[in-house]
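S.K.: I'd like to ask some things about the structure below.
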Amino acid sequence: MSKKRTIVISLVILLTSAVFTFVLFVTEPEAQREGATKKTAMLVDAVKVNSGNFRPTVVATGSVQAAKDIILSPQVGGEVVRISENFIPGSFVKKGELLLQINPADYRNTLLLRKRDLELAKTNLSIEMGRQDVARKDFELIGQEMTEENRALVLREPQLESEKANVEAAEAAVNQAQLNLQRTTIRAPFDAHILSRNTNVGAQLSPGAEIGRLVGMDEYWVVANVPMGKVNWLTFSDNDSGAGSAVKIYSNNWSRGEYREGKLFRLVGALDAQTRLARVLISVPDPLVRKAGMDTIPPLMIGAFVECHIQAREIQEVVRLSRDHLRQGETVWVMENDKLRIRNVEITFQDADYAYISKGLSDNDQVIVTDLSTVVEGSDLRTEREETLSRPPKQTKTRNDMNL
């Protein structure tokens, strides 16, 4: 075969291939994009709500103080000659128990002198009364008419009144001397817990000196701060025939689950200077756990910071919803017929954990508890249960399938 013929055949083959390729590209069917985007309902969790009657809990912080707290001071001065063995910090004393004795010798002598003065005044009064009888008889013998003023002078009435006043003054002096003598013995004014003692035997005391601090052990108070908007929901024992709101008191220094019980006692008529919150008093009986059979609860310590859970008045016919499920602007997301609905709600009260809703939610409403990045009214929703039901059941391999 000649070289020229070989070239012709090659060109024919190349031309035929080019034509075939062109026809193939021109006649190739065009692919259509179909179903590339498919709308999918958002997967959410929802809880069913129902209305009812609830008692909210108001959480407040406060500090412990004694209901009875005094600085013990003598009313007379002198040398301390005796101190009770129970008059030491940490001890408990009964009402009327002797704590301290001041030397009474000087006061006994003063009482004796005042009694002698009283006897002398009474003697002078008796003498003057005798003179009164003589003056009256003389006046009757004279029988002369005179003015009332002159008659009183003749009958020695001013002298009699003076002697009576001296007797009364002497009696008062005796009473004062007896009182001072009694005050040399210092006793507990009530059942008390001794917190401090500032004197010893041999010390010279002056009236008004601080010798110790005593607090009552029957009752302590917790002074707690409550927001003004929640005060009207609380019940105080001073303005209610029944007991005040029940309170549970917790402390970080106690074991988990330990608490003390108290009652809401008084509303202090002044705001806290720093927090501008209302101050309330909570009464806690037997704070130091002195009663038998109560050794399983922790004692309260004066000055301790505590957390108070105060039971508020009952709210009727409301829906209680976790505060975490509230949305911006007092709204709630509700799943209705697999659609997202944004409901405006009216909140009657809120405590630390829950919101109590009076309007906007009904029984059996499904509140969405899932946080969504995109919230559009009417968006399609689905729950985990619906997704499980719509998913086809898994096929299990039989023994025959395995053999194949």
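Residue numbering restarts at 1 in every chain; chains get A, B, ... in the order shown in the structure tokens, and ligands count up from 1 in that same order.
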Residues near range 354-366 of chain A, anyone? I mean within 7 Å using only C-alpha atoms, not counting same-chain ones fewer than 6 positions away, as a tab-separated table (two decimals) with C-alpha atoms, in the first residue's frame.
M.R.:
chain	number	residue	atom	x	y	z
A	46	ALA	CA	-42.89	19.12	74.15
A	47	VAL	CA	-44.56	18.76	77.54
A	48	LYS	CA	-48.28	18.70	78.23
A	49	VAL	CA	-49.52	21.24	80.80
A	50	ASN	CA	-52.61	21.37	83.01
A	51	SER	CA	-54.05	24.00	85.34
A	318	VAL	CA	-53.15	28.57	86.98
A	319	VAL	CA	-50.69	26.65	84.82
A	320	ARG	CA	-47.32	26.05	86.48
A	321	LEU	CA	-44.50	26.15	83.95
A	322	SER	CA	-40.75	25.96	84.41
A	323	ARG	CA	-39.15	29.37	83.98
A	334	VAL	CA	-46.83	25.81	71.71
A	335	MET	CA	-47.11	22.86	69.34
A	343	ARG	CA	-48.57	32.48	72.62
A	344	ASN	CA	-48.59	35.62	74.73
A	345	VAL	CA	-49.20	34.65	78.35
A	346	GLU	CA	-50.16	36.51	81.53
A	347	ILE	CA	-47.95	35.60	84.48
A	348	THR	CA	-49.53	35.95	87.92
S.K.: Could you give me, as a ChimeraX atom specification, the residues within 7 Å of Gly96 in chain A, counting only C-alpha atoms and dropping anything in the same chain fewer than 5 positions from it?
M.R.: /A:187-190
S.K.: As a list in words, please: the residues near Arg341 in chain A (cut-off 10 Å, only C-alpha atoms, same-chain neighbours under 3 positions excluded).
M.R.: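 Listing them by chain and then by number gives Val332, Trp333, Val334, Met335, Glu336, Asn337, Asp338, Asn344, Val367, Ile368, Val375, Val376, Glu377, Gly378 and Ser379 of chain A.
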S.K.: Which neighbours of Glu128 in chain A fall inside 8 Å, counting only C-alpha atoms, when residues of the same chain fewer than 6 positions from it are skipped, and could you give them as an MDAnalysis selection string?
M.R.: chainID A and resid 159:160 163
S.K.: What does the distance between CA of Asn109 in chain A and CA of Ala165 in chain A come to in Å, to one decimal place?
M.R.: 23.7 Å
S.K.: Taking only residues of range 199-285 of chain A that have an atom at most 12 Å from an atom of range 84-94 of chain A, what is each one's shortest atom pair and its distance in Å to one decimal, using only C-alpha atoms, in chain and number order, as CSV?
M.R.:
residue,atom,partner,partner_atom,distance
A:Thr199,CA,A:Phe87,CA,10.2
A:Asn200,CA,A:Phe87,CA,10.2
A:Val201,CA,A:Ser84,CA,10.2
A:Ile211,CA,A:Phe87,CA,10.4
A:Gly212,CA,A:Phe87,CA,8.8
A:Arg213,CA,A:Pro89,CA,8.8
A:Leu214,CA,A:Pro89,CA,9.2
A:Val215,CA,A:Phe92,CA,9.8
A:Gly216,CA,A:Phe92,CA,9.6
A:Met217,CA,A:Phe92,CA,8.4
A:Asp218,CA,A:Lys94,CA,11.4
S.K.: Per DSSP on the backbone, what are the strand (DSSP E or B) residues of range 137-345 of chain A, as a ChimeraX atom specification?
M.R.: /A:185-187,192-197,204-205,212-216,219-226,246-250,260-271,278-285,305-311,315-322,327,331-336,339-344
S.K.: Would you list the contacts of Ala246 in chain A as a ChimeraX atom specification, taking every protein, DNA or RNA residue within 12 Å and counting only C-alpha atoms, but skipping same-chain residues closer than 3 positions in sequence?
M.R.: /A:55-58,234-237,242-243,249,260-265,282-284,308-313
S.K.: What is the distance between CA of Val59 in chain A and CA of Thr296 in chain A, in Å to one decimal?
M.R.: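 So the two atoms, CA of Val59 in chain A and CA of Thr296 in chain A, lie 24.3 Å apart.
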